[in-house]
file final-v6.tsv (TSV, C-alpha atoms and all ligand atoms)
chain	number	residue	atom	x	y	z
A	22	MET	CA	8.96	-2.76	-4.82
A	23	GLY	CA	7.97	-5.75	-7.00
A	24	MET	CA	7.31	-9.26	-5.77
A	25	ASP	CA	10.66	-10.55	-6.98
A	26	ASP	CA	12.48	-7.92	-4.94
A	27	THR	CA	11.25	-9.36	-1.65
A	28	LYS	CA	13.22	-12.54	-2.37
A	29	ASP	CA	16.46	-10.54	-2.34
A	30	LEU	CA	15.72	-9.36	1.16
A	31	GLU	CA	15.71	-12.87	2.65
A	32	LEU	CA	18.86	-13.48	4.62
A	33	PRO	CA	20.92	-16.60	4.01
A	34	LYS	CA	19.86	-19.36	6.42
A	35	THR	CA	22.91	-19.50	8.67
A	36	SER	CA	22.23	-22.96	10.13
A	37	LYS	CA	22.50	-24.52	6.69
A	38	HIS	CA	25.40	-22.40	5.62
A	39	ARG	CA	28.42	-24.47	4.53
A	40	HIS	CA	31.83	-23.02	5.17
A	41	SER	CA	34.92	-23.79	3.16
A	42	ILE	CA	38.09	-24.45	5.13
A	43	LEU	CA	41.63	-24.75	3.79
A	44	ILE	CA	44.30	-26.44	5.90
A	45	ILE	CA	47.97	-26.35	4.89
A	46	ASP	CA	50.48	-28.58	6.59
A	47	ASP	CA	53.34	-30.74	5.32
A	48	GLU	CA	52.45	-33.47	7.80
A	49	ASP	CA	49.64	-35.80	6.72
A	50	SER	CA	48.93	-36.72	10.35
A	51	ILE	CA	48.08	-33.10	11.16
A	52	LEU	CA	45.84	-32.80	8.10
A	53	ASN	CA	44.06	-36.01	9.08
A	54	ALA	CA	43.68	-34.79	12.65
A	55	PHE	CA	41.91	-31.65	11.37
A	56	LYS	CA	39.68	-33.68	9.07
A	57	ARG	CA	38.68	-35.78	12.05
A	58	ILE	CA	38.01	-32.80	14.31
A	59	LEU	CA	35.94	-31.04	11.64
A	60	ALA	CA	34.10	-34.13	10.39
A	61	ASP	CA	31.00	-33.43	12.53
A	62	GLY	CA	30.53	-29.87	11.21
A	63	ASP	CA	28.88	-28.94	7.97
A	64	TYR	CA	32.15	-27.88	6.45
A	65	GLU	CA	33.85	-28.31	3.11
A	66	VAL	CA	37.45	-29.17	4.08
A	67	HIS	CA	40.33	-28.72	1.58
A	68	THR	CA	43.94	-29.48	2.30
A	69	ALA	CA	47.35	-28.60	0.85
A	70	SER	CA	50.80	-29.88	1.79
A	71	ASN	CA	52.64	-26.59	1.25
A	72	GLY	CA	52.07	-22.82	0.85
A	73	LEU	CA	52.35	-22.79	-2.96
A	74	GLU	CA	49.78	-25.53	-3.32
A	75	GLY	CA	47.62	-23.64	-0.82
A	76	LEU	CA	47.84	-20.42	-2.87
A	77	ASN	CA	46.85	-22.36	-6.02
A	78	LYS	CA	43.76	-23.67	-4.21
A	79	LEU	CA	42.86	-20.13	-3.16
A	80	HIS	CA	43.27	-18.85	-6.74
A	81	THR	CA	41.13	-21.59	-8.24
A	82	ALA	CA	38.49	-21.61	-5.48
A	83	GLN	CA	34.81	-21.75	-6.65
A	84	ARG	CA	33.64	-19.92	-3.53
A	85	PRO	CA	35.35	-17.87	-0.81
A	86	TYR	CA	37.09	-19.63	2.05
A	87	SER	CA	35.84	-18.78	5.52
A	88	LEU	CA	38.80	-20.21	7.38
A	89	ILE	CA	42.44	-20.82	6.49
A	90	ILE	CA	44.72	-22.72	8.86
A	91	SER	CA	48.40	-23.01	8.07
A	92	ASP	CA	51.45	-24.46	9.72
A	93	GLN	CA	54.41	-22.07	10.10
A	94	ARG	CA	57.23	-24.46	9.42
A	95	MET	CA	56.83	-25.98	5.98
A	96	PRO	CA	59.01	-26.53	2.93
A	97	VAL	CA	58.64	-24.16	-0.13
A	98	MET	CA	57.31	-21.22	1.93
A	99	SER	CA	56.62	-20.46	5.57
A	100	GLY	CA	53.15	-19.95	7.03
A	101	VAL	CA	53.81	-16.21	7.37
A	102	GLN	CA	54.90	-15.97	3.72
A	103	PHE	CA	51.81	-17.89	2.71
A	104	PHE	CA	49.43	-15.66	4.74
A	105	THR	CA	51.10	-12.49	3.46
A	106	GLN	CA	49.73	-13.42	0.01
A	107	ALA	CA	46.62	-15.31	1.11
A	108	LYS	CA	45.15	-12.34	2.99
A	109	ASP	CA	44.90	-10.39	-0.28
A	110	ILE	CA	43.08	-13.24	-2.05
A	111	PHE	CA	40.38	-13.78	0.63
A	112	PRO	CA	40.61	-10.82	3.00
A	113	ASP	CA	37.48	-11.84	4.92
A	114	ALA	CA	38.70	-15.35	5.80
A	115	ILE	CA	39.68	-16.13	9.40
A	116	ARG	CA	43.41	-16.95	9.47
A	117	ILE	CA	44.97	-19.26	12.05
A	118	LEU	CA	48.69	-20.05	12.29
A	119	LEU	CA	50.03	-23.23	13.90
A	120	THR	CA	53.40	-22.73	15.52
A	121	GLY	CA	55.98	-24.50	17.65
A	122	TYR	CA	57.04	-23.21	21.09
A	123	ALA	CA	60.06	-21.32	19.81
A	124	ASP	CA	58.27	-19.42	17.04
A	125	THR	CA	57.62	-16.10	18.88
A	126	ASP	CA	59.09	-13.97	16.07
A	127	ALA	CA	57.02	-15.85	13.52
A	128	VAL	CA	53.87	-15.08	15.51
A	129	ILE	CA	54.62	-11.35	15.56
A	130	ASP	CA	55.34	-11.41	11.82
A	131	ALA	CA	52.20	-13.45	11.22
A	132	ILE	CA	50.06	-10.83	12.97
A	133	ASN	CA	51.74	-7.86	11.31
A	134	LYS	CA	52.35	-9.13	7.78
A	135	GLY	CA	50.03	-12.06	7.37
A	136	GLY	CA	46.99	-10.58	9.08
A	137	VAL	CA	46.66	-13.69	11.20
A	138	HIS	CA	43.84	-13.58	13.74
A	139	LEU	CA	45.06	-16.31	16.06
A	140	HIS	CA	47.88	-18.75	16.55
A	141	PHE	CA	47.82	-22.17	18.15
A	142	THR	CA	50.87	-23.82	19.54
A	143	LYS	CA	51.30	-27.46	18.66
A	144	PRO	CA	50.02	-29.65	20.16
A	145	TRP	CA	46.66	-27.95	20.61
A	146	HIS	CA	43.49	-28.89	22.47
A	147	ASP	CA	40.88	-30.11	20.03
A	148	GLU	CA	37.93	-28.66	22.00
A	149	GLU	CA	39.57	-25.27	22.31
A	150	LEU	CA	40.38	-25.13	18.60
A	151	LEU	CA	36.92	-26.32	17.59
A	152	LEU	CA	35.23	-23.78	19.86
A	153	TYR	CA	37.32	-21.02	18.40
A	154	ILE	CA	36.52	-22.15	14.84
A	155	LYS	CA	32.77	-22.18	15.59
A	156	GLN	CA	32.91	-18.72	17.14
A	157	SER	CA	34.87	-17.47	14.16
A	158	PHE	CA	32.30	-18.82	11.76
A	159	SER	CA	29.52	-17.05	13.64
A	160	LYS	CA	31.48	-13.82	13.25
A	161	VAL	CA	32.09	-14.56	9.57
A	162	GLU	CA	28.40	-15.24	9.03
A	163	ILE	CA	27.39	-11.99	10.71
A	164	LEU	CA	29.97	-10.13	8.66
A	165	GLN	CA	28.76	-11.84	5.48
A	166	GLU	CA	25.15	-10.98	6.28
A	167	ASN	CA	26.16	-7.43	7.01
A	168	LYS	CA	28.05	-7.16	3.77
A	169	ARG	CA	25.16	-8.67	1.86
A	170	LEU	CA	22.69	-6.24	3.45
A	171	ILE	CA	24.92	-3.27	2.79
A	172	GLU	CA	25.27	-4.41	-0.82
A	173	LEU	CA	21.51	-4.89	-1.05
A	174	ILE	CA	20.81	-1.44	0.39
A	175	LYS	CA	23.38	0.07	-1.95
A	176	ASN	CA	21.77	-1.63	-4.94
A	177	LYS	CA	18.28	-0.55	-3.87
A	178	ASN	CA	19.55	2.97	-3.31
A	179	ASP	CA	21.09	2.98	-6.76
A	180	GLU	CA	17.81	1.72	-8.22
A	181	LEU	CA	15.87	4.38	-6.32
A	182	LEU	CA	18.26	7.08	-7.45
A	183	GLU	CA	17.92	5.90	-11.03
A	184	LEU	CA	14.13	5.82	-10.65
A	185	LYS	CA	14.16	9.29	-9.13
A	186	LYS	CA	16.25	10.59	-12.01
A	187	THR	CA	13.92	8.98	-14.56
A	188	LEU	CA	10.85	10.39	-12.80
A	189	GLU	CA	12.39	13.83	-12.55
A	190	LYS	CA	13.24	13.76	-16.24
A	191	ARG	CA	9.73	12.58	-17.14
A	192	THR	CA	8.17	15.28	-14.95
A	193	ARG	CA	10.42	17.89	-16.54
A	194	ASP	CA	9.54	16.67	-20.03
A	195	LYS	CA	5.82	16.61	-19.20
A	196	THR	CA	5.96	20.08	-17.64
A	197	ASP	CA	7.80	21.44	-20.67
A	198	ASP	CA	5.24	19.76	-22.87
A	199	LEU	CA	2.32	21.21	-20.93
A	200	LEU	CA	3.88	24.67	-20.90
A	201	ALA	CA	4.39	24.51	-24.66
A	202	GLN	CA	0.81	23.35	-25.16
A	203	THR	CA	-0.51	26.09	-22.85
A	204	GLU	CA	1.51	28.65	-24.81
A	205	LYS	CA	0.04	27.32	-28.07
A	206	LEU	CA	-3.48	27.39	-26.62
A	207	LYS	CA	-3.01	30.94	-25.38
A	208	GLU	CA	-1.75	31.95	-28.82
A	209	SER	CA	-4.67	30.26	-30.55
A	210	TYR	CA	-7.14	31.78	-28.06
A	211	LYS	CA	-5.66	35.20	-28.72
A	212	LYS	CA	-6.01	34.63	-32.47
A	213	SER	CA	-9.63	33.49	-32.17
A	214	GLN	CA	-10.35	36.52	-29.96
A	215	ILE	CA	-8.92	38.78	-32.67
A	216	ILE	CA	-10.99	37.00	-35.32
A	217	LEU	CA	-14.14	37.26	-33.18
A	218	ASP	CA	-13.54	40.97	-32.55
A	219	GLY	CA	-13.07	41.41	-36.30
A	220	ILE	CA	-16.36	39.63	-37.01
A	221	VAL	CA	-18.18	41.79	-34.45
A	222	LYS	CA	-16.77	45.00	-35.94
A	223	THR	CA	-17.53	43.88	-39.50
A	224	LEU	CA	-21.13	42.98	-38.67
A	225	SER	CA	-21.58	46.30	-36.93
A	226	LYS	CA	-20.20	48.17	-39.97
A	227	ILE	CA	-22.64	46.34	-42.26
A	228	VAL	CA	-25.62	47.76	-40.32
A	229	GLU	CA	-24.11	51.23	-40.31
A	230	THR	CA	-23.76	51.24	-44.10
A	231	ARG	CA	-27.51	50.62	-44.39
A	232	ASP	CA	-28.34	53.51	-42.06
A	233	PRO	CA	-25.65	56.16	-42.32
A	234	TYR	CA	-27.59	58.48	-40.00
A	235	THR	CA	-26.96	56.20	-37.06
A	236	SER	CA	-23.26	55.85	-37.88
A	237	GLY	CA	-21.25	55.30	-34.70
A	238	HIS	CA	-24.42	54.54	-32.70
A	239	GLU	CA	-23.42	50.92	-31.91
A	240	GLU	CA	-19.96	51.95	-30.73
A	241	GLN	CA	-21.42	54.75	-28.62
A	242	VAL	CA	-24.03	52.48	-26.99
A	243	ALA	CA	-21.28	49.97	-26.21
A	244	LYS	CA	-19.22	52.69	-24.54
A	245	ILE	CA	-22.11	54.03	-22.40
A	246	ALA	CA	-23.36	50.53	-21.49
A	247	CYS	CA	-19.89	49.40	-20.36
A	248	LYS	CA	-19.51	52.53	-18.19
A	249	ILE	CA	-22.85	51.79	-16.52
A	250	ALA	CA	-21.88	48.12	-16.04
A	251	LYS	CA	-18.57	49.10	-14.42
A	252	GLU	CA	-20.36	51.61	-12.18
A	253	MET	CA	-22.74	48.81	-11.14
A	254	LYS	CA	-19.70	46.58	-10.47
A	255	LEU	CA	-20.72	43.82	-12.87
A	256	SER	CA	-18.19	41.03	-13.50
A	257	GLU	CA	-15.49	41.26	-16.19
A	258	GLU	CA	-17.31	38.57	-18.13
A	259	GLN	CA	-20.63	40.46	-18.01
A	260	ILE	CA	-18.93	43.66	-19.13
A	261	ALA	CA	-17.32	41.79	-22.07
A	262	ALA	CA	-20.75	40.37	-22.97
A	263	ILE	CA	-22.30	43.84	-22.80
A	264	HIS	CA	-19.58	45.24	-25.06
A	265	VAL	CA	-20.18	42.63	-27.78
A	266	ALA	CA	-23.98	42.67	-27.43
A	267	ALA	CA	-24.14	46.49	-27.53
A	268	THR	CA	-21.86	46.62	-30.57
A	269	LEU	CA	-24.21	44.24	-32.40
A	270	HIS	CA	-27.56	45.18	-30.82
A	271	ASP	CA	-29.08	46.60	-34.02
A	272	ILE	CA	-27.62	44.00	-36.42
A	273	GLY	CA	-31.20	42.83	-37.05
A	274	LYS	CA	-31.93	46.10	-38.88
A	275	ILE	CA	-30.18	44.48	-41.81
A	276	SER	CA	-33.55	42.97	-42.71
A	277	VAL	CA	-35.43	46.30	-42.42
A	278	PRO	CA	-35.68	48.18	-45.73
A	279	SER	CA	-33.40	51.20	-45.90
A	280	GLU	CA	-36.31	53.49	-46.75
A	281	ILE	CA	-37.91	52.75	-43.41
A	282	LEU	CA	-34.65	53.16	-41.48
A	283	THR	CA	-33.87	56.52	-43.06
A	284	LYS	CA	-37.44	57.79	-43.36
A	285	PRO	CA	-37.50	61.41	-42.15
A	286	GLY	CA	-41.15	61.54	-41.18
A	287	ARG	CA	-43.35	59.63	-38.73
A	288	LEU	CA	-43.47	55.85	-39.20
A	289	SER	CA	-46.71	54.03	-39.88
A	290	ASP	CA	-47.84	51.23	-37.55
A	291	LEU	CA	-46.76	48.65	-40.12
A	292	GLU	CA	-43.34	50.25	-40.49
A	293	ARG	CA	-42.97	50.26	-36.73
A	294	GLU	CA	-43.85	46.56	-36.63
A	295	ILE	CA	-41.24	45.86	-39.31
A	296	ILE	CA	-38.61	47.72	-37.27
A	297	LYS	CA	-39.55	45.70	-34.20
A	298	THR	CA	-38.54	42.49	-35.99
A	299	HIS	CA	-34.86	43.54	-35.72
A	300	CYS	CA	-34.57	41.99	-32.26
A	301	LYS	CA	-35.51	38.50	-33.42
A	302	VAL	CA	-33.56	38.80	-36.66
A	303	ALA	CA	-30.48	39.80	-34.64
A	304	ARG	CA	-30.88	36.85	-32.30
A	305	ASP	CA	-31.25	34.43	-35.25
A	306	ILE	CA	-28.07	35.78	-36.84
A	307	ILE	CA	-25.97	35.96	-33.68
A	308	ILE	CA	-27.04	32.56	-32.33
A	309	ASN	CA	-24.79	30.99	-35.01
A	310	ILE	CA	-21.67	32.47	-33.39
A	311	GLU	CA	-20.56	30.63	-30.29
A	312	PHE	CA	-19.73	33.50	-27.98
A	313	PRO	CA	-18.49	32.62	-24.48
A	314	TYR	CA	-21.55	34.53	-23.11
A	315	PRO	CA	-25.26	34.68	-24.06
A	316	VAL	CA	-24.90	37.56	-26.55
A	317	ALA	CA	-27.86	36.51	-28.76
A	318	GLU	CA	-30.29	36.44	-25.80
A	319	ILE	CA	-29.09	39.83	-24.48
A	320	ILE	CA	-29.60	41.43	-27.91
A	321	PHE	CA	-33.01	39.77	-28.23
A	322	GLN	CA	-34.07	41.59	-25.03
A	323	HIS	CA	-32.63	45.08	-25.60
A	324	HIS	CA	-36.07	46.65	-26.27
A	325	GLU	CA	-37.77	44.96	-23.33
A	326	ARG	CA	-38.87	47.38	-20.56
A	327	MET	CA	-39.28	46.92	-16.79
A	328	ASP	CA	-43.08	47.34	-16.82
A	329	GLY	CA	-43.55	44.88	-19.67
A	330	SER	CA	-44.24	47.62	-22.21
A	331	GLY	CA	-41.26	46.63	-24.37
A	332	TYR	CA	-40.94	44.12	-27.20
A	333	PRO	CA	-40.71	41.47	-28.63
A	334	ARG	CA	-41.97	39.40	-25.67
A	335	GLY	CA	-43.10	42.03	-23.18
A	336	LEU	CA	-40.81	40.68	-20.43
A	337	LYS	CA	-40.97	42.35	-17.01
A	338	GLY	CA	-38.43	43.28	-14.28
A	339	ASP	CA	-35.95	40.54	-13.41
A	340	LYS	CA	-37.09	38.45	-16.36
A	341	ILE	CA	-35.05	40.86	-18.48
A	342	ALA	CA	-31.31	40.17	-18.29
A	343	ILE	CA	-29.40	42.91	-16.44
A	344	GLU	CA	-27.12	43.23	-19.47
A	345	ALA	CA	-30.17	43.91	-21.68
A	346	ARG	CA	-31.59	46.44	-19.18
A	347	ILE	CA	-28.28	48.34	-19.29
A	348	ILE	CA	-28.01	48.25	-23.11
A	349	GLY	CA	-31.67	49.33	-23.39
A	350	ALA	CA	-30.98	52.46	-21.30
A	351	ALA	CA	-27.70	53.21	-23.08
A	352	ASP	CA	-29.48	52.83	-26.45
A	353	VAL	CA	-32.09	55.43	-25.50
A	354	ILE	CA	-29.49	57.85	-24.10
A	355	ASP	CA	-27.41	57.76	-27.29
A	356	ALA	CA	-30.43	57.87	-29.60
A	357	MET	CA	-31.87	60.94	-27.84
A	358	ALA	CA	-28.53	62.68	-27.60
A	359	SER	CA	-27.83	62.21	-31.34
A	360	TYR	CA	-29.32	63.60	-34.50
A	361	ARG	CA	-31.96	61.58	-36.31
A	362	PRO	CA	-33.42	62.15	-39.80
A	363	TYR	CA	-36.80	62.88	-38.26
A	364	ARG	CA	-35.57	65.23	-35.47
A	365	PRO	CA	-32.56	67.22	-34.28
A	366	ALA	CA	-30.27	65.98	-31.51
A	367	LEU	CA	-32.02	66.41	-28.14
A	368	GLY	CA	-28.83	66.32	-26.07
A	369	VAL	CA	-27.62	64.33	-23.09
A	370	ASP	CA	-29.54	66.43	-20.57
A	371	ALA	CA	-32.84	65.55	-22.21
A	372	ALA	CA	-31.79	61.90	-22.40
A	373	ILE	CA	-31.00	61.82	-18.68
A	374	GLU	CA	-34.25	63.61	-17.91
A	375	GLU	CA	-36.10	60.95	-19.91
A	376	ILE	CA	-34.61	57.95	-18.12
A	377	VAL	CA	-35.02	59.59	-14.69
A	378	LYS	CA	-38.67	60.30	-15.51
A	379	PHE	CA	-39.23	56.62	-16.28
A	380	LYS	CA	-36.97	55.24	-13.55
A	381	GLY	CA	-38.56	52.11	-12.08
A	382	ILE	CA	-41.27	52.21	-14.78
A	383	THR	CA	-39.51	51.36	-18.01
A	384	TYR	CA	-35.90	51.60	-16.78
A	385	ASP	CA	-34.17	49.63	-14.04
A	386	PRO	CA	-33.74	52.02	-11.06
A	387	ALA	CA	-30.21	50.72	-10.39
A	388	VAL	CA	-29.24	51.36	-14.02
A	389	VAL	CA	-30.70	54.91	-13.87
A	390	ASP	CA	-28.86	55.60	-10.61
A	391	ALA	CA	-25.58	54.42	-12.17
A	392	CYS	CA	-26.16	56.71	-15.18
A	393	LEU	CA	-26.84	59.67	-12.90
A	394	LYS	CA	-23.73	58.96	-10.86
A	395	ILE	CA	-21.53	58.90	-13.98
A	396	TYR	CA	-23.32	61.97	-15.35
A	397	LYS	CA	-22.89	63.99	-12.15
A	398	ASN	CA	-19.40	62.84	-11.27
A	399	THR	CA	-17.72	63.07	-14.64
A	400	GLY	CA	-19.92	65.45	-16.64
A	401	LYS	CA	-22.21	64.77	-19.54
A	402	ASN	CA	-19.34	64.46	-22.00
A	403	LYS	CA	-18.15	61.40	-20.13
A	404	LEU	CA	-21.49	59.68	-20.41
A	405	HIS	CA	-21.97	60.31	-24.11
A	501	FE	FE	-32.61	48.39	-31.28
call {"tool": "encode", "arguments": {"input": "final-v6.tsv", "output": "structure tokens"}}
result
Amino acid sequence: MGMDDTKDLELPKTSKHRHSILIIDDEDSILNAFKRILADGDYEVHTASNGLEGLNKLHTAQRPYSLIISDQRMPVMSGVQFFTQAKDIFPDAIRILLTGYADTDAVIDAINKGGVHLHFTKPWHDEELLLYIKQSFSKVEILQENKRLIELIKNKNDELLELKKTLEKRTRDKTDDLLAQTEKLKESYKKSQIILDGIVKTLSKIVETRDPYTSGHEEQVAKIACKIAKEMKLSEEQIAAIHVAATLHDIGKISVPSEILTKPGRLSDLEREIIKTHCKVARDIIINIEFPYPVAEIIFQHHERMDGSGYPRGLKGDKIAIEARIIGAADVIDAMASYRPYRPALGVDAAIEEIVKFKGITYDPAVVDACLKIYKNTGKNKLH
């Protein structure tokens, strides 16, 4: 509610309220008597000498009349005839009829047709009439205040309803807007996911083309690593990171000459050192893609070993990310199980034997246990 609204709530000050009174009588002496009686009150007194003139005054009134007093016996129209019309012009006004002793029928008519509240028989007692008028005005004032309050409440209610409607519409519009935006974001996220997946697959294919003997190795490592991660109950996010990192783990071999990668015989120390650079090269390539998880760092660590015997930094134990420890084991399992130019495929059994032999030395015991569980529960074909 604004500051201006509080003004509307103030009630009219009743003590200063001026009432309008209309008195109709064909006798000037009666009109003068009323003017005299009412002179002390804060009233606006109007007079008319017959009903028609009285009706004209009602029709042209600037403000509603609170009290109308009319004589019954007048030329042009009777008091009852006058009130029959007057009550429709100002229905809230108090209506008093002045009658003679013999006007009983007129009184009944006045009550029924003219809506007259009271009748006074001439001559009346001034005090009694004045008291009645004052009481009537109090009633009128209460009624007026009531009416005003009801009107005020109605207006405020209407305003509130309007406000509620506007707010509801705005909320609906905003909600629709947000839903549409969320839908768009979801769509765009889906698209960027598809693009990212495409990039990952493409990069992986590039490495494969340089070393056809290891074709499918990345995909296979990703599969084994994810199975281990699920067995170890890693989070969805970690499993997604492992999938991407495993798929790209050997991307750094792009900088290793093909002759070294496909060399059938034993590698020289220098050649081995060149191969070892693939971890850093991979990290430097992948760091440019903003993955939602630390893919570059995981790849950088995939040749680190628990006892610090790995490369490139010789990290130990917990210093190696769990994702990298899993990919490292999966890498060895697939490499041993598959054919290489310098040796035949050794098989999954040999691979498992190898990681069990070095459990807790080079391989994370929890990772080895997970591998064994998958291997025993689902058979070697499920692991590789
Ligand atoms: Fe590697």
call {"tool": "closest_residue", "arguments": {"input": "final-v6.tsv", "among": "A:Glu172, A:Asp352, A:Asp339, A:Asp109", "to": "ligand FE 501 (chain A)", "atoms": "only C-alpha atoms and all ligand atoms"}}
result
A:Asp352
call {"tool": "residues_around", "arguments": {"input": "final-v6.tsv", "residues": "Glu374 of chain A", "least_positions_apart": "2", "cutoff": "12 Å", "atoms": "all atoms listed in the file", "output": "NGL selection string"}}
result
:A and (353-354 or 357-358 or 367-372 or 376-380 or 389 or 392-393 or 396)
call {"tool": "write_last_selection", "arguments": {"input": "final-v6.tsv", "atoms": "C-alpha atoms", "output": "PDB file, in the coordinates of the input"}}
result
ATOM      1  CA  VAL A 353     -32.090  55.430 -25.500  1.00  0.00           C
ATOM      2  CA  ILE A 354     -29.490  57.850 -24.100  1.00  0.00           C
ATOM      3  CA  MET A 357     -31.870  60.940 -27.840  1.00  0.00           C
ATOM      4  CA  ALA A 358     -28.530  62.680 -27.600  1.00  0.00           C
ATOM      5  CA  LEU A 367     -32.020  66.410 -28.140  1.00  0.00           C
ATOM      6  CA  GLY A 368     -28.830  66.320 -26.070  1.00  0.00           C
ATOM      7  CA  VAL A 369     -27.620  64.330 -23.090  1.00  0.00           C
ATOM      8  CA  ASP A 370     -29.540  66.430 -20.570  1.00  0.00           C
ATOM      9  CA  ALA A 371     -32.840  65.550 -22.210  1.00  0.00           C
ATOM     10  CA  ALA A 372     -31.790  61.900 -22.400  1.00  0.00           C
ATOM     11  CA  ILE A 376     -34.610  57.950 -18.120  1.00  0.00           C
ATOM     12  CA  VAL A 377     -35.020  59.590 -14.690  1.00  0.00           C
ATOM     13  CA  LYS A 378     -38.670  60.300 -15.510  1.00  0.00           C
ATOM     14  CA  PHE A 379     -39.230  56.620 -16.280  1.00  0.00           C
ATOM     15  CA  LYS A 380     -36.970  55.240 -13.550  1.00  0.00           C
ATOM     16  CA  VAL A 389     -30.700  54.910 -13.870  1.00  0.00           C
ATOM     17  CA  CYS A 392     -26.160  56.710 -15.180  1.00  0.00           C
ATOM     18  CA  LEU A 393     -26.840  59.670 -12.900  1.00  0.00           C
ATOM     19  CA  TYR A 396     -23.320  61.970 -15.350  1.00  0.00           C
TER      20      TYR A 396
END
call {"tool": "residues_near_ligand", "arguments": {"input": "final-v6.tsv", "ligand": "ligand FE 501 (chain A)", "cutoff": "10 Å", "atoms": "only C-alpha atoms and all ligand atoms", "output": "NGL selection string"}}
result
:A and (239 or 267 or 269-274 or 296-300 or 303 or 320-324 or 348-349 or 352-353 or 356)
call {"tool": "closest_atom_pairs", "arguments": {"input": "final-v6.tsv", "of": "segment 116-152 of chain A", "to": "segment 43-51 of chain A", "cutoff": "12 Å", "atoms": "all atoms listed in the file", "output": "JSON lines"}}
result
{"residue": "A:Arg116", "atom": "CA", "partner": "A:Leu43", "partner_atom": "CA", "distance": 9.8}
{"residue": "A:Ile117", "atom": "CA", "partner": "A:Ile44", "partner_atom": "CA", "distance": 9.5}
{"residue": "A:Leu118", "atom": "CA", "partner": "A:Ile45", "partner_atom": "CA", "distance": 9.7}
{"residue": "A:Leu119", "atom": "CA", "partner": "A:Asp46", "partner_atom": "CA", "distance": 9.1}
{"residue": "A:Thr120", "atom": "CA", "partner": "A:Asp46", "partner_atom": "CA", "distance": 11.1}
{"residue": "A:Lys143", "atom": "CA", "partner": "A:Ile51", "partner_atom": "CA", "distance": 9.9}
{"residue": "A:Pro144", "atom": "CA", "partner": "A:Ile51", "partner_atom": "CA", "distance": 9.8}
{"residue": "A:Trp145", "atom": "CA", "partner": "A:Ile51", "partner_atom": "CA", "distance": 10.9}
{"residue": "A:Asp147", "atom": "CA", "partner": "A:Ile51", "partner_atom": "CA", "distance": 11.8}
call {"tool": "residues_around", "arguments": {"input": "final-v6.tsv", "residues": "Thr383 of chain A", "least_positions_apart": "6", "cutoff": "8 Å", "atoms": "only C-alpha atoms", "output": "list in words"}}
result
Arg326, Met327, Asp328, Gly329 and Ser330 of chain A
call {"tool": "atom_distance", "arguments": {"input": "final-v6.tsv", "atom1": "atom CA of Thr125 of chain A", "atom2": "atom CA of Ser91 of chain A"}}
result
15.8 Å
call {"tool": "atom_distance", "arguments": {"input": "final-v6.tsv", "atom1": "atom CA of Arg39 of chain A", "atom2": "atom CA of Tyr64 of chain A"}}
result
5.4 Å
call {"tool": "atom_distance", "arguments": {"input": "final-v6.tsv", "atom1": "atom CA of Lys134 of chain A", "atom2": "atom CA of Lys160 of chain A"}}
result
22.1 Å
call {"tool": "closest_residue", "arguments": {"input": "final-v6.tsv", "among": "A:Ile163, A:Val265, A:Ile89, A:Leu52", "to": "Ala243 of chain A", "atoms": "all atoms listed in the file"}}
result
A:Val265
call {"tool": "closest_residue", "arguments": {"input": "final-v6.tsv", "among": "A:Ile308, A:Pro333, A:Glu208, A:Ala262", "to": "Ile295 of chain A", "atoms": "only C-alpha atoms"}}
result
A:Pro333
call {"tool": "closest_residue", "arguments": {"input": "final-v6.tsv", "among": "A:Ala391, A:Ala317, A:Leu291, A:Val221", "to": "Asp305 of chain A", "atoms": "only C-alpha atoms"}}
result
A:Ala317
call {"tool": "closest_residue", "arguments": {"input": "final-v6.tsv", "among": "A:Phe312, A:Gln156, A:Ala261, A:Pro285", "to": "Ile216 of chain A", "atoms": "only C-alpha atoms"}}
result
A:Phe312
call {"tool": "closest_residue", "arguments": {"input": "final-v6.tsv", "among": "A:Asp232, A:Leu224, A:Arg361, A:Ala123", "to": "Arg287 of chain A", "atoms": "all atoms listed in the file"}}
result
A:Arg361
call {"tool": "residues_around", "arguments": {"input": "final-v6.tsv", "residues": "segment 247-257 of chain A", "least_positions_apart": "3", "cutoff": "8 Å", "atoms": "only C-alpha atoms", "output": "list in words"}}
result
Ala243, Lys244, Ile260, Ala261, Ile263, His264, Glu344, Ile347, Ala387, Val388, Ala391, Cys392, Ile395 and Leu404 of chain A
